[in-house]
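Note: the block below is structure-v4.txt and it holds compact mmCIF, C-alpha atoms and all ligand atoms.
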```
# COMPACT_ATOMS: atom_id res chain seq x y z
CA MET A 107 -56.26 -155.94 -119.78
CA ALA A 108 -52.65 -156.61 -120.66
CA ASP A 109 -52.06 -152.96 -121.37
CA LYS A 110 -52.54 -151.95 -117.77
CA ARG A 111 -50.39 -149.04 -116.72
CA ASP A 112 -47.78 -149.40 -114.06
CA TYR A 113 -49.27 -148.42 -110.69
CA TYR A 114 -46.25 -146.34 -109.73
CA GLU A 115 -46.56 -144.48 -112.98
CA VAL A 116 -50.28 -143.94 -112.41
CA LEU A 117 -49.62 -142.20 -109.10
CA GLY A 118 -46.43 -140.53 -110.30
CA VAL A 119 -44.27 -142.07 -107.53
CA ASP A 120 -41.51 -144.66 -107.53
CA LYS A 121 -40.67 -147.81 -105.63
CA SER A 122 -38.65 -145.96 -103.04
CA SER A 123 -41.47 -143.52 -102.24
CA SER A 124 -42.65 -143.52 -98.63
CA ASP A 125 -46.21 -144.35 -97.56
CA ASP A 126 -46.71 -140.69 -96.97
CA GLU A 127 -45.53 -139.72 -100.44
CA ILE A 128 -47.81 -142.32 -101.97
CA LYS A 129 -50.72 -141.03 -99.94
CA LYS A 130 -50.02 -137.46 -100.99
CA ALA A 131 -49.70 -138.40 -104.65
CA TYR A 132 -52.97 -140.31 -104.43
CA ARG A 133 -54.86 -137.42 -102.88
CA LYS A 134 -53.62 -135.10 -105.57
CA LYS A 135 -54.59 -137.39 -108.42
CA ALA A 136 -57.90 -138.43 -106.90
CA LYS A 137 -58.87 -134.81 -106.66
CA MET A 138 -57.76 -134.16 -110.18
CA TYR A 139 -60.08 -136.82 -111.58
CA HIS A 140 -62.88 -136.90 -109.08
CA PRO A 141 -66.23 -137.57 -110.79
CA ASP A 142 -67.91 -134.74 -108.91
CA LEU A 143 -65.61 -132.37 -110.70
CA HIS A 144 -65.99 -134.04 -114.09
CA PRO A 145 -69.58 -135.15 -114.50
CA ASP A 146 -70.12 -137.36 -117.58
CA ASP A 147 -66.45 -137.40 -118.41
CA LYS A 148 -65.59 -141.01 -119.21
CA GLU A 149 -61.89 -140.33 -119.44
CA ALA A 150 -61.78 -138.76 -115.97
CA GLU A 151 -63.84 -141.62 -114.59
CA LYS A 152 -61.41 -144.12 -116.04
CA ASN A 153 -58.46 -142.22 -114.61
CA PHE A 154 -60.16 -141.95 -111.24
CA LYS A 155 -60.67 -145.72 -111.11
CA GLU A 156 -57.12 -146.34 -112.19
CA VAL A 157 -55.77 -144.03 -109.48
CA ASN A 158 -57.89 -145.73 -106.83
CA GLU A 159 -56.84 -149.15 -107.99
CA ALA A 160 -53.18 -148.16 -107.91
CA TYR A 161 -53.57 -146.72 -104.43
CA GLU A 162 -55.39 -149.75 -103.13
CA VAL A 163 -52.43 -151.88 -104.05
CA LEU A 164 -49.57 -149.52 -103.20
CA SER A 165 -51.02 -148.56 -99.83
CA ASP A 166 -51.31 -152.17 -98.74
CA LYS A 167 -48.02 -153.67 -97.59
CA ASP A 168 -48.81 -157.21 -98.73
CA LYS A 169 -50.26 -156.26 -102.06
CA LYS A 170 -47.43 -153.85 -102.71
CA ALA A 171 -44.86 -156.56 -102.03
CA ARG A 172 -46.63 -158.94 -104.40
CA TYR A 173 -46.95 -156.23 -107.01
CA ASP A 174 -43.26 -155.36 -106.73
CA GLN A 175 -42.36 -158.99 -107.27
CA PHE A 176 -44.89 -160.18 -109.83
CA GLY A 177 -46.35 -157.02 -111.34
CA HIS A 178 -50.05 -156.90 -112.07
CA ALA A 179 -50.31 -160.71 -112.05
CA GLY A 180 -49.30 -160.65 -108.39
CA VAL A 181 -52.38 -158.74 -107.34
CA ASP A 182 -54.87 -159.47 -110.10
CA PRO A 183 -55.14 -163.10 -111.21
CA ASN A 184 -57.36 -162.01 -114.09
CA TYR A 185 -54.47 -160.09 -115.47
CA GLY A 186 -52.89 -161.24 -118.69
CA GLY A 187 -54.80 -164.51 -119.21
CA ALA A 188 -57.95 -165.08 -121.23
CA GLY A 189 -60.64 -165.56 -118.63
CA GLY A 190 -58.10 -165.34 -115.87
CA TYR A 191 -57.64 -167.80 -113.07
CA GLY A 192 -61.17 -168.04 -111.84
CA GLY A 193 -62.13 -164.67 -110.60
CA ALA A 194 -60.39 -164.82 -107.27
CA TYR A 195 -59.49 -161.20 -107.49
CA THR A 196 -61.40 -159.40 -104.83
CA GLY A 197 -59.75 -156.06 -105.13
CA GLY A 198 -62.67 -154.38 -106.85
CA PHE A 199 -64.10 -151.16 -105.61
CA ASP A 200 -67.39 -150.26 -104.35
CA VAL A 201 -68.51 -146.72 -104.70
CA ASP A 202 -68.62 -146.22 -100.94
CA ASP A 203 -64.99 -147.12 -100.64
CA ILE A 204 -64.04 -144.71 -103.36
CA LEU A 205 -66.10 -141.93 -101.87
CA ASN A 206 -64.83 -142.66 -98.41
CA SER A 207 -61.27 -142.59 -99.50
CA PHE A 208 -61.84 -139.39 -101.36
CA PHE A 209 -63.71 -137.58 -98.68
CA GLY A 210 -60.75 -138.02 -96.51
CA GLY A 211 -58.71 -140.56 -94.78
CA PHE A 212 -57.28 -143.83 -95.69
CA GLY A 213 -58.26 -145.79 -92.63
CA GLY A 214 -61.16 -147.10 -94.65
CA ARG A 215 -59.89 -150.54 -95.51
CA ARG A 216 -62.47 -153.13 -94.81
CA GLN A 217 -61.97 -154.77 -91.48
CA SER A 218 -62.82 -158.30 -90.61
CA ASN A 219 -65.28 -157.29 -87.96
CA PRO A 220 -67.81 -154.82 -89.32
CA ASN A 221 -68.98 -154.05 -85.78
CA ALA A 222 -65.58 -152.95 -84.51
CA PRO A 223 -65.21 -149.23 -83.77
CA ARG A 224 -63.45 -147.41 -86.56
CA ARG A 225 -62.07 -143.94 -86.73
CA GLY A 226 -63.92 -141.60 -89.07
CA ASN A 227 -62.13 -140.42 -92.15
CA ASP A 228 -60.37 -137.09 -92.40
CA VAL A 229 -62.04 -134.28 -94.25
CA GLU A 230 -60.55 -131.46 -96.25
CA THR A 231 -61.70 -127.98 -97.00
CA ILE A 232 -60.24 -124.81 -98.45
CA CYS A 233 -60.34 -121.41 -96.78
CA SER A 234 -59.63 -118.24 -98.67
CA ILE A 235 -58.24 -115.32 -96.66
CA SER A 236 -56.75 -111.93 -97.45
CA PHE A 237 -53.06 -111.11 -97.38
CA GLU A 238 -53.52 -109.08 -94.20
CA GLU A 239 -55.49 -111.87 -92.50
CA ALA A 240 -52.65 -114.28 -93.24
CA ALA A 241 -50.11 -111.82 -91.88
CA LYS A 242 -52.01 -110.90 -88.72
CA GLY A 243 -54.07 -114.00 -88.06
CA CYS A 244 -57.85 -113.99 -87.96
CA ARG A 245 -60.95 -115.82 -86.90
CA LYS A 246 -62.85 -117.30 -89.83
CA LYS A 247 -66.18 -118.97 -90.40
CA ILE A 248 -65.40 -122.01 -92.48
CA SER A 249 -67.91 -124.29 -94.07
CA PHE A 250 -67.05 -127.89 -94.76
CA GLN A 251 -68.77 -131.18 -95.37
CA ARG A 252 -68.52 -134.08 -93.04
CA ILE A 253 -70.32 -137.36 -92.65
CA ASP A 254 -72.19 -137.60 -89.41
CA ASN A 255 -74.36 -140.20 -87.81
CA CYS A 256 -78.00 -139.74 -88.75
CA ASP A 257 -79.90 -138.08 -85.88
CA GLU A 258 -83.13 -139.74 -86.80
CA CYS A 259 -81.96 -143.36 -86.44
CA ASP A 260 -78.91 -142.67 -84.27
CA GLY A 261 -76.69 -144.18 -86.93
CA SER A 262 -78.39 -147.59 -87.08
CA GLY A 263 -79.97 -146.98 -90.49
CA ALA A 264 -83.19 -148.59 -89.29
CA LYS A 265 -86.48 -146.75 -89.22
CA LYS A 266 -87.46 -145.35 -85.84
CA GLY A 267 -88.85 -148.13 -83.64
CA THR A 268 -87.14 -150.92 -85.60
CA SER A 269 -83.59 -152.20 -85.45
CA PRO A 270 -81.29 -153.87 -87.96
CA LYS A 271 -81.01 -157.65 -87.82
CA THR A 272 -77.86 -159.72 -88.03
CA CYS A 273 -77.15 -160.97 -91.56
CA SER A 274 -77.74 -164.71 -91.75
CA ALA A 275 -75.56 -165.21 -94.81
CA CYS A 276 -72.36 -164.20 -93.01
CA GLY A 277 -73.45 -164.51 -89.40
CA GLY A 278 -72.80 -160.80 -88.87
CA THR A 279 -69.15 -160.87 -89.79
CA GLY A 280 -69.73 -159.07 -93.10
CA GLN A 281 -67.27 -161.43 -94.82
CA VAL A 282 -67.63 -164.67 -96.71
CA LYS A 283 -64.69 -166.98 -97.38
CA ILE A 284 -63.96 -168.41 -100.80
CA ASN A 285 -61.36 -170.86 -102.02
CA SER A 286 -59.80 -169.89 -105.29
CA ARG A 287 -57.20 -171.15 -107.67
CA THR A 288 -54.52 -168.54 -108.26
CA PRO A 289 -51.03 -168.58 -109.81
CA PHE A 290 -49.79 -169.22 -106.29
CA GLY A 291 -51.93 -172.25 -105.53
CA VAL A 292 -55.29 -172.54 -103.87
CA VAL A 293 -55.83 -169.56 -101.67
CA GLN A 294 -58.59 -168.85 -99.25
CA THR A 295 -59.68 -165.29 -99.56
CA SER A 296 -62.55 -163.50 -98.05
CA ARG A 297 -64.70 -160.89 -99.59
CA ALA A 298 -67.55 -158.71 -98.52
CA CYS A 299 -70.80 -160.53 -98.01
CA ASP A 300 -73.19 -159.79 -100.89
CA ALA A 301 -76.29 -160.15 -98.78
CA CYS A 302 -75.42 -157.34 -96.38
CA GLY A 303 -72.80 -155.46 -98.40
CA GLY A 304 -70.14 -156.26 -95.77
CA ARG A 305 -72.01 -154.52 -93.01
CA GLY A 306 -72.95 -157.68 -91.13
CA ARG A 307 -76.41 -156.30 -90.57
CA ILE A 308 -79.48 -156.00 -92.69
CA VAL A 309 -81.88 -153.14 -92.36
CA GLU A 310 -85.38 -154.24 -93.29
CA ASN A 311 -87.10 -150.91 -92.70
CA PRO A 312 -84.65 -148.23 -93.71
CA CYS A 313 -84.63 -144.86 -92.01
CA PRO A 314 -86.16 -142.38 -94.45
CA ARG A 315 -83.79 -139.58 -93.56
CA CYS A 316 -80.52 -141.41 -94.34
CA ASP A 317 -81.91 -144.04 -96.68
CA GLY A 318 -80.78 -146.79 -94.34
CA LYS A 319 -77.12 -145.79 -94.43
CA GLY A 320 -77.07 -144.55 -90.84
CA ARG A 321 -74.86 -141.69 -91.89
CA ILE A 322 -75.52 -138.49 -93.73
CA ARG A 323 -73.30 -135.86 -95.25
CA LYS A 324 -73.82 -132.50 -93.62
CA THR A 325 -72.50 -129.08 -94.41
CA ARG A 326 -71.24 -127.45 -91.27
CA GLU A 327 -70.08 -123.97 -90.58
CA GLU A 328 -67.72 -123.35 -87.71
CA GLU A 329 -65.37 -120.60 -86.62
CA PHE A 330 -61.67 -121.31 -86.42
CA ASN A 331 -58.60 -119.32 -85.45
CA ILE A 332 -56.20 -118.87 -88.32
CA PRO A 333 -52.76 -118.18 -86.82
CA ALA A 334 -50.69 -115.15 -87.87
CA GLY A 335 -47.99 -116.00 -90.40
CA VAL A 336 -49.84 -118.74 -92.23
CA ASP A 337 -48.95 -118.80 -95.94
CA ASP A 338 -50.71 -119.73 -99.15
CA GLY A 339 -51.07 -123.51 -99.56
CA GLN A 340 -50.39 -124.41 -95.92
CA ARG A 341 -52.68 -126.89 -94.20
CA LEU A 342 -54.04 -126.55 -90.71
CA SER A 343 -55.45 -129.55 -88.92
CA VAL A 344 -58.26 -129.55 -86.42
CA SER A 345 -58.57 -132.84 -84.63
CA GLY A 346 -61.93 -134.52 -84.26
CA ARG A 347 -63.77 -132.37 -86.80
CA GLY A 348 -63.66 -134.91 -89.63
CA ASN A 349 -66.18 -137.64 -90.34
CA ALA A 350 -67.89 -139.21 -87.35
CA GLY A 351 -66.40 -142.53 -86.26
CA ILE A 352 -68.13 -145.77 -87.10
CA ASN A 353 -69.48 -147.93 -84.27
CA HIS A 354 -68.57 -145.23 -81.77
CA GLY A 355 -65.00 -144.94 -83.05
CA PRO A 356 -63.30 -141.53 -82.82
CA ALA A 357 -63.98 -138.87 -85.42
CA GLY A 358 -61.43 -138.06 -88.11
CA ASP A 359 -59.64 -134.75 -88.46
CA LEU A 360 -60.41 -131.69 -90.50
CA TYR A 361 -57.68 -130.30 -92.75
CA ILE A 362 -57.99 -126.68 -93.80
CA THR A 363 -55.91 -125.67 -96.78
CA ILE A 364 -55.26 -121.94 -96.74
CA SER A 365 -55.55 -119.98 -99.93
CA VAL A 366 -54.25 -116.43 -99.62
CA ARG A 367 -55.62 -113.83 -102.02
CA PRO A 368 -52.97 -111.66 -103.64
CA HIS A 369 -52.48 -108.13 -102.35
CA PRO A 370 -52.55 -105.13 -104.72
CA ILE A 371 -49.32 -103.68 -103.32
CA PHE A 372 -47.50 -106.29 -101.27
CA GLU A 373 -45.88 -109.53 -102.24
CA ARG A 374 -44.65 -112.14 -99.85
CA LYS A 375 -41.59 -114.37 -99.87
CA GLY A 376 -41.27 -116.39 -96.69
CA ASN A 377 -41.93 -113.89 -93.94
CA ASP A 378 -40.58 -110.93 -95.87
CA VAL A 379 -42.81 -108.47 -97.65
CA TYR A 380 -41.89 -106.77 -100.91
CA CYS A 381 -43.35 -103.70 -102.54
CA GLU A 382 -42.50 -101.02 -105.04
CA LEU A 383 -42.38 -97.30 -104.34
CA PRO A 384 -42.84 -94.91 -107.27
CA LEU A 385 -40.90 -91.66 -106.88
CA THR A 386 -40.94 -88.59 -109.07
CA PHE A 387 -37.63 -88.00 -110.76
CA VAL A 388 -37.22 -84.81 -108.74
CA GLN A 389 -37.66 -86.74 -105.47
CA ALA A 390 -35.07 -89.21 -106.69
CA CYS A 391 -32.65 -86.40 -107.63
CA LEU A 392 -33.03 -84.29 -104.51
CA GLY A 393 -33.99 -86.87 -101.92
CA ALA A 394 -37.29 -86.64 -100.06
CA GLU A 395 -39.29 -87.70 -97.08
CA VAL A 396 -41.83 -90.18 -98.42
CA ILE A 397 -44.71 -92.23 -97.08
CA VAL A 398 -44.30 -96.00 -97.37
CA PRO A 399 -47.23 -98.38 -96.81
CA THR A 400 -46.54 -101.30 -94.44
CA LEU A 401 -48.73 -103.98 -92.92
CA ASP A 402 -48.77 -101.91 -89.72
CA GLY A 403 -49.82 -98.71 -91.50
CA LYS A 404 -47.92 -95.89 -93.13
CA VAL A 405 -44.38 -95.03 -92.11
CA THR A 406 -42.18 -92.17 -93.26
CA TYR A 407 -38.83 -92.81 -94.86
CA ASN A 408 -36.08 -90.48 -96.03
CA VAL A 409 -35.05 -91.32 -99.56
CA ARG A 410 -31.51 -90.13 -100.09
CA GLU A 411 -30.34 -87.74 -102.78
CA GLY A 412 -29.49 -89.44 -106.07
CA THR A 413 -31.66 -92.52 -105.57
CA GLN A 414 -31.67 -94.71 -108.68
CA PRO A 415 -34.50 -96.78 -110.15
CA GLY A 416 -34.22 -100.32 -108.76
CA ASP A 417 -32.57 -99.19 -105.51
CA ARG A 418 -33.95 -101.18 -102.63
CA PHE A 419 -34.22 -100.31 -98.98
CA ARG A 420 -35.20 -102.41 -96.02
CA LEU A 421 -37.66 -101.65 -93.23
CA LYS A 422 -36.55 -103.97 -90.48
CA GLY A 423 -39.25 -105.93 -88.68
CA ARG A 424 -42.05 -104.66 -90.93
CA GLY A 425 -42.62 -108.09 -92.47
CA ILE A 426 -44.79 -110.96 -91.31
CA GLN A 427 -44.90 -112.64 -87.93
CA SER A 428 -43.42 -116.11 -88.28
CA LEU A 429 -45.92 -118.90 -87.81
CA ASN A 430 -44.13 -120.34 -84.79
CA GLY A 431 -44.38 -116.92 -83.10
CA ARG A 432 -40.63 -116.34 -83.08
CA GLY A 433 -39.47 -113.30 -84.98
CA LYS A 434 -40.77 -111.21 -87.81
CA GLY A 435 -39.71 -110.71 -91.39
CA ASP A 436 -38.63 -107.44 -92.99
CA GLN A 437 -40.11 -105.28 -95.68
CA TYR A 438 -38.11 -104.56 -98.84
CA VAL A 439 -39.03 -101.52 -100.87
CA THR A 440 -37.84 -101.20 -104.47
CA VAL A 441 -37.77 -97.73 -105.97
CA THR A 442 -39.27 -97.03 -109.37
CA ILE A 443 -39.04 -93.63 -110.98
CA GLU A 444 -41.72 -92.13 -113.11
CA VAL A 445 -40.63 -89.95 -116.00
CA PRO A 446 -43.11 -87.07 -116.25
CA LYS A 447 -45.23 -86.71 -119.38
CA ASN A 448 -47.52 -83.98 -120.82
CA LEU A 449 -45.10 -81.23 -119.84
CA SER A 450 -46.10 -77.58 -120.26
CA LYS A 451 -44.00 -75.18 -122.30
CA ARG A 452 -42.62 -73.64 -119.12
CA GLN A 453 -41.67 -77.02 -117.68
CA LYS A 454 -39.86 -77.89 -120.88
CA GLU A 455 -37.95 -74.62 -120.79
CA LEU A 456 -36.88 -75.28 -117.20
CA LEU A 457 -35.70 -78.75 -118.08
CA GLN A 458 -33.81 -77.53 -121.09
CA GLU A 459 -32.12 -74.96 -118.92
CA PHE A 460 -31.37 -77.69 -116.40
CA ASP A 461 -29.91 -79.89 -119.10
CA GLY A 462 -27.78 -77.07 -120.41
CA ASN A 463 -26.25 -76.84 -116.98
CA SER A 464 -25.67 -80.59 -116.64
CA SER A 465 -22.34 -82.26 -117.13
CA ASP A 466 -20.85 -85.75 -117.12
CA LYS A 467 -20.43 -85.28 -113.39
CA ASN A 468 -24.21 -85.59 -113.04
CA TYR A 469 -24.42 -88.77 -115.14
CA GLN A 470 -21.79 -91.24 -114.02
CA ASN A 471 -23.39 -94.32 -115.57
CA ARG A 472 -24.06 -92.63 -118.85
CA LYS A 473 -20.50 -91.36 -119.03
CA GLY A 474 -19.21 -94.88 -118.39
CA PHE A 475 -21.54 -96.27 -121.06
CA PHE A 476 -20.33 -93.87 -123.77
CA ASN A 477 -16.73 -94.43 -122.83
CA LYS A 478 -17.30 -98.14 -123.40
CA ILE A 479 -18.80 -97.44 -126.81
CA LYS A 480 -15.74 -95.43 -127.69
CA GLU A 481 -13.53 -98.32 -126.69
CA LEU A 482 -15.57 -100.75 -128.76
CA PHE A 483 -16.05 -98.77 -131.95
CA GLY A 484 -13.30 -96.22 -131.86
CA GLU A 485 -14.06 -92.54 -132.32
ZN ZN B 501 -81.17 -142.47 -90.37
ZN ZN B 502 -73.78 -160.64 -94.54
```
Would you give me this structure, written as structure tokens?
Amino acid sequence: MADKRDYYEVLGVDKSSSDDEIKKAYRKKAKMYHPDLHPDDKEAEKNFKEVNEAYEVLSDKDKKARYDQFGHAGVDPNYGGAGGYGGAYTGGFDVDDILNSFFGGFGGRRQSNPNAPRRGNDVETICSISFEEAAKGCRKKISFQRIDNCDECDGSGAKKGTSPKTCSACGGTGQVKINSRTPFGVVQTSRACDACGGRGRIVENPCPRCDGKGRIRKTREEEFNIPAGVDDGQRLSVSGRGNAGINHGPAGDLYITISVRPHPIFERKGNDVYCELPLTFVQACLGAEVIVPTLDGKVTYNVREGTQPGDRFRLKGRGIQSLNGRGKGDQYVTVTIEVPKNLSKRQKELLQEFDGNSSDKNYQNRKGFFNKIKELFGE
């Protein structure tokens, strides 16, 4: 056990990181190693436990302070010694806690009164939309999973017609107190009651639908408005659509992470849109009226005579509506020029004739280039 990794290192944060940064880092790592995503992968499972353990300590003010001062020994008396200090460490995990913390929210720390109302955890989902939908806004059917109270038993976990009874081992508090010897003296700690699993109640005849848990995970599908201007990776929150509250507490929130599919022509940077426009070399030489695609449809644009590859023009206000509703980005169009291939004999003759009539006046860059070569290498 002495080779335990530093908790800050595990989460990839440092001592000065804010609660929010720690929470974000935890979410990221927990997702990375979640057992659902890595079935039968012992390494991922180990990492997942490690991440949860680190978060349990760093998200708790008291534990974090002890950890900062004493390291692992400050939060885990078993740490470092053979046999430890008597097993007072109660910071283990139960699977429910891990799942709860993963399926959203971090309000899930065990409370002293298991019957007190608690807010449901937050829930996350991902919604994939097209480039145009992101630019213009849309209404989307989104499916997500949330934990809801079981309809059959109304959340009690007891079979219809029966009700759960108060746990006699803990008197319904869900906690038992234990005195333990620790490096800091004898400390009274409490831990979840084994008899009732910390719930304070025992269900003798479990509800068959929810297996006595009182709660079931459901897949829901609901329609939501996605506002115009939303960008790839942004998160929208919908309050009250997360997991149902416990003991009539309020529901958690739903977070929708937006994933925008790439567009075949357009690219986005902020609220500006970028695209390329291929011209023939004749259009570039002579100038032309061309059609340019925009998010609002096609527009015509006059390309000036002598346009060069890489030249860029701007279509003001043809970009994306900003998310706060104020203003719109622009569209930038970069010119590319296609050199024609598979020329006929006649075309070649015309070009040769054209070339015979060309002079340095027609090729300013080229003239400059060869003058430089002359300077560098002499005649
Ligand atoms: Zn039920
Ligand atoms: Zn109990």
Quiz item: Once you count only C-alpha atoms and all ligand atoms, which residues end up within 7 Å of ligand ZN 501 (chain B), and could you hand them over as a PyMOL selection string?
Solution: chain A and resi 256-265+313-321
Report as JSON lines the residues of chain A within 7 Å of ligand ZN 502 (chain B), each with its shortest atom pair and distance in Å (one decimal), using only C-alpha atoms and all ligand atoms, ordered by chain and increasing residue number.
```
{"residue": "A:Cys273", "atom": "CA", "partner": "B:ZN502", "partner_atom": "ZN", "distance": 4.5}
{"residue": "A:Ser274", "atom": "CA", "partner": "B:ZN502", "partner_atom": "ZN", "distance": 6.3}
{"residue": "A:Ala275", "atom": "CA", "partner": "B:ZN502", "partner_atom": "ZN", "distance": 4.9}
{"residue": "A:Cys276", "atom": "CA", "partner": "B:ZN502", "partner_atom": "ZN", "distance": 4.1}
{"residue": "A:Gly277", "atom": "CA", "partner": "B:ZN502", "partner_atom": "ZN", "distance": 6.4}
{"residue": "A:Gly278", "atom": "CA", "partner": "B:ZN502", "partner_atom": "ZN", "distance": 5.8}
{"residue": "A:Thr279", "atom": "CA", "partner": "B:ZN502", "partner_atom": "ZN", "distance": 6.6}
{"residue": "A:Gly280", "atom": "CA", "partner": "B:ZN502", "partner_atom": "ZN", "distance": 4.6}
{"residue": "A:Gln281", "atom": "CA", "partner": "B:ZN502", "partner_atom": "ZN", "distance": 6.6}
{"residue": "A:Cys299", "atom": "CA", "partner": "B:ZN502", "partner_atom": "ZN", "distance": 4.6}
{"residue": "A:Asp300", "atom": "CA", "partner": "B:ZN502", "partner_atom": "ZN", "distance": 6.4}
{"residue": "A:Ala301", "atom": "CA", "partner": "B:ZN502", "partner_atom": "ZN", "distance": 5.0}
{"residue": "A:Cys302", "atom": "CA", "partner": "B:ZN502", "partner_atom": "ZN", "distance": 4.1}
{"residue": "A:Gly303", "atom": "CA", "partner": "B:ZN502", "partner_atom": "ZN", "distance": 6.5}
{"residue": "A:Gly304", "atom": "CA", "partner": "B:ZN502", "partner_atom": "ZN", "distance": 5.8}
{"residue": "A:Arg305", "atom": "CA", "partner": "B:ZN502", "partner_atom": "ZN", "distance": 6.6}
{"residue": "A:Gly306", "atom": "CA", "partner": "B:ZN502", "partner_atom": "ZN", "distance": 4.6}
{"residue": "A:Arg307", "atom": "CA", "partner": "B:ZN502", "partner_atom": "ZN", "distance": 6.4}
```
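For the pair CA of Thr295 in chain A and CA of Val157 in chain A, the separation is 23.8 Å.
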Contacts of Gln414 in chain A at 8 Å or less, counting only C-alpha atoms, minus same-chain residues fewer than 6 places along, as an mmCIF file with C-alpha atoms, in the coordinates of the input?
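This went into out01.cif:
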```cif
data_model
loop_
_atom_site.group_PDB
_atom_site.id
_atom_site.type_symbol
_atom_site.label_atom_id
_atom_site.label_comp_id
_atom_site.auth_asym_id
_atom_site.auth_seq_id
_atom_site.Cartn_x
_atom_site.Cartn_y
_atom_site.Cartn_z
ATOM 1 C CA ALA A 390 -35.070 -89.210 -106.690
ATOM 2 C CA VAL A 441 -37.770 -97.730 -105.970
ATOM 3 C CA THR A 442 -39.270 -97.030 -109.370
ATOM 4 C CA ILE A 443 -39.040 -93.630 -110.980
#
```
Each residue of range 210-286 of chain A lying at most 10 Å from range 429-434 of chain A should get a row with its shortest atom-to-atom pair and the distance in Å to one decimal, counting all atoms listed in the file; could you produce that, ordered by chain and increasing number, as JSON lines?
```
{"residue": "A:Ala240", "atom": "CA", "partner": "A:Leu429", "partner_atom": "CA", "distance": 9.8}
{"residue": "A:Ala241", "atom": "CA", "partner": "A:Leu429", "partner_atom": "CA", "distance": 9.2}
{"residue": "A:Gly243", "atom": "CA", "partner": "A:Leu429", "partner_atom": "CA", "distance": 9.5}
```
Closest contacts (range 241-263 of chain A/range 342-363 of chain A, max 12 Å, all atoms listed in the file) as JSON lines:
```
{"residue": "A:Lys246", "atom": "CA", "partner": "A:Ile362", "partner_atom": "CA", "distance": 11.3}
{"residue": "A:Lys247", "atom": "CA", "partner": "A:Ile362", "partner_atom": "CA", "distance": 11.8}
{"residue": "A:Ile248", "atom": "CA", "partner": "A:Ile362", "partner_atom": "CA", "distance": 8.9}
{"residue": "A:Ser249", "atom": "CA", "partner": "A:Ile362", "partner_atom": "CA", "distance": 10.2}
{"residue": "A:Phe250", "atom": "CA", "partner": "A:Leu360", "partner_atom": "CA", "distance": 8.8}
{"residue": "A:Gln251", "atom": "CA", "partner": "A:Gly348", "partner_atom": "CA", "distance": 8.5}
{"residue": "A:Arg252", "atom": "CA", "partner": "A:Asn349", "partner_atom": "CA", "distance": 5.0}
{"residue": "A:Ile253", "atom": "CA", "partner": "A:Asn349", "partner_atom": "CA", "distance": 4.7}
{"residue": "A:Asp254", "atom": "CA", "partner": "A:Ala350", "partner_atom": "CA", "distance": 5.0}
{"residue": "A:Asn255", "atom": "CA", "partner": "A:Ala350", "partner_atom": "CA", "distance": 6.6}
{"residue": "A:Cys256", "atom": "CA", "partner": "A:Ala350", "partner_atom": "CA", "distance": 10.2}
{"residue": "A:Asp260", "atom": "CA", "partner": "A:Asn353", "partner_atom": "CA", "distance": 10.8}
{"residue": "A:Gly261", "atom": "CA", "partner": "A:Asn353", "partner_atom": "CA", "distance": 8.6}
{"residue": "A:Ser262", "atom": "CA", "partner": "A:Asn353", "partner_atom": "CA", "distance": 9.3}
```
Quiz item: At what distance in Å, to one decimal, does CA of Arg245 in chain A lie from CA of Gly335 in chain A?
Solution: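 Distance between the two atoms: 13.4 Å.
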